[in-house]
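Here is the structure we will look at, set down as structure tokens.
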Amino acid sequence: MNTSVTNQCTISISCATILDNLSSLNKEKKSLVPSDGVIFKKTTVTFYEGETVFDVLKRVTKKNSIQMEFSDSVAYSGAYIEGIANLYQKDCGSGSGWQYCVNGWYPNYSCGNYVVSNGDAIEWNYTCVDGDLE
């Protein structure tokens, strides 16, 4: 990884979908949901050539004291985000959890495998999907 070249991207973290699904939310998690659903507003950050979406998320959450838990999983071919701001998978329905999108596209692979490009717009969104839907 070349650490001498810096680039910029934007990143945001939102759990706004929970606001429309409060009846599915684990009751003890209600106080963790911001009234507007925004955990980290869209912000321009610097990253190094070769860094991944996961690298950017780790740095942003650490720098801004936002809780983030992950596992390095072979099943997910890299990093799997378990929780951000103490909101975890299945806290708002059986299929709920964190997803990322870059420039409006939701990749079907780990954030640890997605290499960020200059100007990318990274969004982390909590999704509230009932896993029993077909």
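Letters A, B, ... go to the chains of the structure tokens in the order shown; residues in each chain start at 1; ligands are counted from 1 in the same order.
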
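Using only C-alpha atoms, the contacts of segment 11-26 of chain A at a cut-off of 7 Å, with sequence neighbours closer than 6 positions omitted, comprise Asp36, Gly37, Val38, Ile39, Phe40, Lys41, Lys42, Thr43, Thr44, Asp91, Cys92, Gly93, Ala121, Ile122, Glu123, Trp124, Asn125, Tyr126, Thr127 and Cys128 of chain A.
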
Q: Please report, as a ChimeraX atom specification, each residue of segment 40-125 of chain A to which DSSP assigns strand (DSSP E or B) when run on this structure's backbone.
A: /A:40-48,52,68-73,78-84,87-88,91,93,97-102,105,115,121-125

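Atom CA of Ile66 of chain A is positioned 7.1 Å from atom CA of Ile84 of chain A.
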
(Q) Using only C-alpha atoms, can you tell me which of A:Ala79, A:Thr10, A:Val45, A:Lys29 comes closest to Lys63 of chain A? (A) A:Val45

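In this model, the gap between atom CA of Thr46 of chain A and atom CA of Val116 of chain A comes to 10.7 Å.
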
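The spacing separating atom CA of Gly104 of chain A from atom CA of Lys30 of chain A amounts to 27.9 Å.
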
Q. Could you name the residues that touch Asp72 of chain A at 12 Å or less, counting only C-alpha atoms, but leaving out those on the same chain fewer than 4 positions away, as a ChimeraX atom specification?
A. /A:54,76-82,110-113

Using N, CA and C atoms, can you export the residues from the last selection as a PDB file, in the first residue's frame?
ATOM      1  N   PHE A  54     -13.664  -0.813   4.550  1.00  0.00           N
ATOM      2  CA  PHE A  54     -13.489  -1.202   5.947  1.00  0.00           C
ATOM      3  C   PHE A  54     -12.441  -0.336   6.635  1.00  0.00           C
ATOM      4  N   TYR A  76     -17.675 -14.535   5.010  1.00  0.00           N
ATOM      5  CA  TYR A  76     -17.982 -13.273   4.333  1.00  0.00           C
ATOM      6  C   TYR A  76     -16.799 -12.768   3.515  1.00  0.00           C
ATOM      7  N   SER A  77     -15.800 -13.602   3.317  1.00  0.00           N
ATOM      8  CA  SER A  77     -14.602 -13.243   2.535  1.00  0.00           C
ATOM      9  C   SER A  77     -13.967 -11.949   3.022  1.00  0.00           C
ATOM     10  N   GLY A  78     -13.890 -11.787   4.328  1.00  0.00           N
ATOM     11  CA  GLY A  78     -13.257 -10.600   4.889  1.00  0.00           C
ATOM     12  C   GLY A  78     -14.022 -10.079   6.085  1.00  0.00           C
ATOM     13  N   ALA A  79     -13.978  -8.786   6.277  1.00  0.00           N
ATOM     14  CA  ALA A  79     -14.595  -8.161   7.444  1.00  0.00           C
ATOM     15  C   ALA A  79     -16.115  -8.173   7.343  1.00  0.00           C
ATOM     16  N   TYR A  80     -16.753  -8.517   8.438  1.00  0.00           N
ATOM     17  CA  TYR A  80     -18.211  -8.454   8.557  1.00  0.00           C
ATOM     18  C   TYR A  80     -18.535  -7.489   9.685  1.00  0.00           C
ATOM     19  N   ILE A  81     -19.325  -6.462   9.389  1.00  0.00           N
ATOM     20  CA  ILE A  81     -19.676  -5.454  10.395  1.00  0.00           C
ATOM     21  C   ILE A  81     -20.850  -5.984  11.210  1.00  0.00           C
ATOM     22  N   GLU A  82     -20.586  -6.256  12.482  1.00  0.00           N
ATOM     23  CA  GLU A  82     -21.609  -6.801  13.372  1.00  0.00           C
ATOM     24  C   GLU A  82     -22.480  -5.696  13.961  1.00  0.00           C
ATOM     25  N   SER A 110     -17.537  -8.339   0.822  1.00  0.00           N
ATOM     26  CA  SER A 110     -17.095  -7.688   2.052  1.00  0.00           C
ATOM     27  C   SER A 110     -16.528  -6.288   1.834  1.00  0.00           C
ATOM     28  N   CYS A 111     -16.805  -5.422   2.814  1.00  0.00           N
ATOM     29  CA  CYS A 111     -16.241  -4.070   2.796  1.00  0.00           C
ATOM     30  C   CYS A 111     -14.721  -4.116   2.900  1.00  0.00           C
ATOM     31  N   GLY A 112     -14.178  -5.217   3.391  1.00  0.00           N
ATOM     32  CA  GLY A 112     -12.731  -5.385   3.482  1.00  0.00           C
ATOM     33  C   GLY A 112     -12.091  -5.716   2.144  1.00  0.00           C
ATOM     34  N   ASN A 113     -12.919  -5.991   1.141  1.00  0.00           N
ATOM     35  CA  ASN A 113     -12.423  -6.295  -0.197  1.00  0.00           C
ATOM     36  C   ASN A 113     -12.713  -5.191  -1.198  1.00  0.00           C
TER      37      ASN A 113
END

Q: Using backbone DSSP assignments, extract all helix (DSSP H, G or I) residues from segment 9-77 of chain A; output them as number ranges by chain.
A: A: 16-20, 22-24, 27-32, 53-63

Write a file of the selected residues as an mmCIF file, in the first residue's frame, keeping N, CA, C and O atoms.
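Result went into selection_39.cif, see below:
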data_model
loop_
_atom_site.group_PDB
_atom_site.id
_atom_site.type_symbol
_atom_site.label_atom_id
_atom_site.label_comp_id
_atom_site.auth_asym_id
_atom_site.auth_seq_id
_atom_site.Cartn_x
_atom_site.Cartn_y
_atom_site.Cartn_z
ATOM 1 N N ALA A 16 -31.628 5.389 9.711
ATOM 2 C CA ALA A 16 -32.937 6.030 9.510
ATOM 3 C C ALA A 16 -34.048 5.028 9.224
ATOM 4 O O ALA A 16 -35.207 5.280 9.557
ATOM 5 N N THR A 17 -33.721 3.886 8.627
ATOM 6 C CA THR A 17 -34.769 2.897 8.338
ATOM 7 C C THR A 17 -35.433 2.392 9.615
ATOM 8 O O THR A 17 -36.588 1.984 9.587
ATOM 9 N N ILE A 18 -34.717 2.446 10.712
ATOM 10 C CA ILE A 18 -35.292 2.003 11.985
ATOM 11 C C ILE A 18 -36.481 2.882 12.362
ATOM 12 O O ILE A 18 -37.462 2.399 12.938
ATOM 13 N N LEU A 19 -36.432 4.171 12.010
ATOM 14 C CA LEU A 19 -37.507 5.095 12.375
ATOM 15 C C LEU A 19 -38.851 4.657 11.800
ATOM 16 O O LEU A 19 -39.899 4.922 12.388
ATOM 17 N N ASP A 20 -38.836 3.971 10.659
ATOM 18 C CA ASP A 20 -40.061 3.463 10.040
ATOM 19 C C ASP A 20 -40.405 2.049 10.509
ATOM 20 O O ASP A 20 -41.402 1.479 10.069
ATOM 21 N N LEU A 22 -39.970 1.039 14.062
ATOM 22 C CA LEU A 22 -39.768 1.047 15.516
ATOM 23 C C LEU A 22 -40.476 -0.109 16.224
ATOM 24 O O LEU A 22 -39.999 -0.589 17.254
ATOM 25 N N SER A 23 -41.566 -0.593 15.658
ATOM 26 C CA SER A 23 -42.284 -1.705 16.294
ATOM 27 C C SER A 23 -41.465 -3.000 16.257
ATOM 28 O O SER A 23 -41.687 -3.896 17.064
ATOM 29 N N SER A 24 -40.511 -3.089 15.326
ATOM 30 C CA SER A 24 -39.652 -4.281 15.224
ATOM 31 C C SER A 24 -38.370 -4.151 16.036
ATOM 32 O O SER A 24 -37.650 -5.124 16.213
ATOM 33 N N LYS A 27 -36.569 -3.406 22.187
ATOM 34 C CA LYS A 27 -36.986 -2.297 23.068
ATOM 35 C C LYS A 27 -35.827 -1.592 23.764
ATOM 36 O O LYS A 27 -35.803 -0.380 23.872
ATOM 37 N N GLU A 28 -34.820 -2.360 24.239
ATOM 38 C CA GLU A 28 -33.720 -1.711 24.962
ATOM 39 C C GLU A 28 -32.770 -0.950 24.040
ATOM 40 O O GLU A 28 -31.857 -0.278 24.501
ATOM 41 N N LYS A 29 -32.984 -1.010 22.718
ATOM 42 C CA LYS A 29 -32.128 -0.291 21.768
ATOM 43 C C LYS A 29 -32.728 1.046 21.343
ATOM 44 O O LYS A 29 -32.075 1.844 20.690
ATOM 45 N N LYS A 30 -33.967 1.313 21.720
ATOM 46 C CA LYS A 30 -34.672 2.519 21.252
ATOM 47 C C LYS A 30 -33.911 3.808 21.561
ATOM 48 O O LYS A 30 -33.831 4.701 20.728
ATOM 49 N N SER A 31 -33.308 3.894 22.725
ATOM 50 C CA SER A 31 -32.601 5.124 23.117
ATOM 51 C C SER A 31 -31.322 5.354 22.304
ATOM 52 O O SER A 31 -30.760 6.452 22.318
ATOM 53 N N LEU A 32 -30.856 4.325 21.579
ATOM 54 C CA LEU A 32 -29.626 4.450 20.784
ATOM 55 C C LEU A 32 -29.864 5.064 19.402
ATOM 56 O O LEU A 32 -28.916 5.445 18.728
ATOM 57 N N VAL A 53 -13.079 0.097 2.025
ATOM 58 C CA VAL A 53 -14.211 0.692 2.725
ATOM 59 C C VAL A 53 -14.108 0.390 4.223
ATOM 60 O O VAL A 53 -14.386 1.244 5.059
ATOM 61 N N PHE A 54 -13.664 -0.813 4.550
ATOM 62 C CA PHE A 54 -13.489 -1.202 5.947
ATOM 63 C C PHE A 54 -12.441 -0.336 6.635
ATOM 64 O O PHE A 54 -12.647 0.124 7.761
ATOM 65 N N ASP A 55 -11.309 -0.079 5.967
ATOM 66 C CA ASP A 55 -10.252 0.773 6.542
ATOM 67 C C ASP A 55 -10.795 2.163 6.864
ATOM 68 O O ASP A 55 -10.514 2.724 7.932
ATOM 69 N N VAL A 56 -11.577 2.712 5.946
ATOM 70 C CA VAL A 56 -12.138 4.061 6.136
ATOM 71 C C VAL A 56 -13.132 4.047 7.303
ATOM 72 O O VAL A 56 -13.100 4.924 8.165
ATOM 73 N N LEU A 57 -14.002 3.027 7.354
ATOM 74 C CA LEU A 57 -14.970 2.929 8.448
ATOM 75 C C LEU A 57 -14.265 2.808 9.798
ATOM 76 O O LEU A 57 -14.651 3.490 10.758
ATOM 77 N N LYS A 58 -13.252 1.968 9.883
ATOM 78 C CA LYS A 58 -12.514 1.805 11.146
ATOM 79 C C LYS A 58 -11.948 3.137 11.622
ATOM 80 O O LYS A 58 -12.049 3.479 12.798
ATOM 81 N N ARG A 59 -11.317 3.865 10.712
ATOM 82 C CA ARG A 59 -10.693 5.131 11.086
ATOM 83 C C ARG A 59 -11.736 6.160 11.526
ATOM 84 O O ARG A 59 -11.570 6.842 12.539
ATOM 85 N N VAL A 60 -12.825 6.277 10.779
ATOM 86 C CA VAL A 60 -13.860 7.271 11.090
ATOM 87 C C VAL A 60 -14.534 6.955 12.422
ATOM 88 O O VAL A 60 -14.742 7.852 13.245
ATOM 89 N N THR A 61 -14.867 5.679 12.657
ATOM 90 C CA THR A 61 -15.544 5.349 13.916
ATOM 91 C C THR A 61 -14.605 5.547 15.110
ATOM 92 O O THR A 61 -15.018 6.066 16.139
ATOM 93 N N LYS A 62 -13.342 5.176 14.947
ATOM 94 C CA LYS A 62 -12.384 5.362 16.044
ATOM 95 C C LYS A 62 -12.174 6.848 16.341
ATOM 96 O O LYS A 62 -12.238 7.278 17.496
ATOM 97 N N LYS A 63 -11.942 7.636 15.298
ATOM 98 C CA LYS A 63 -11.668 9.067 15.464
ATOM 99 C C LYS A 63 -12.854 9.804 16.098
ATOM 100 O O LYS A 63 -12.673 10.772 16.829
#
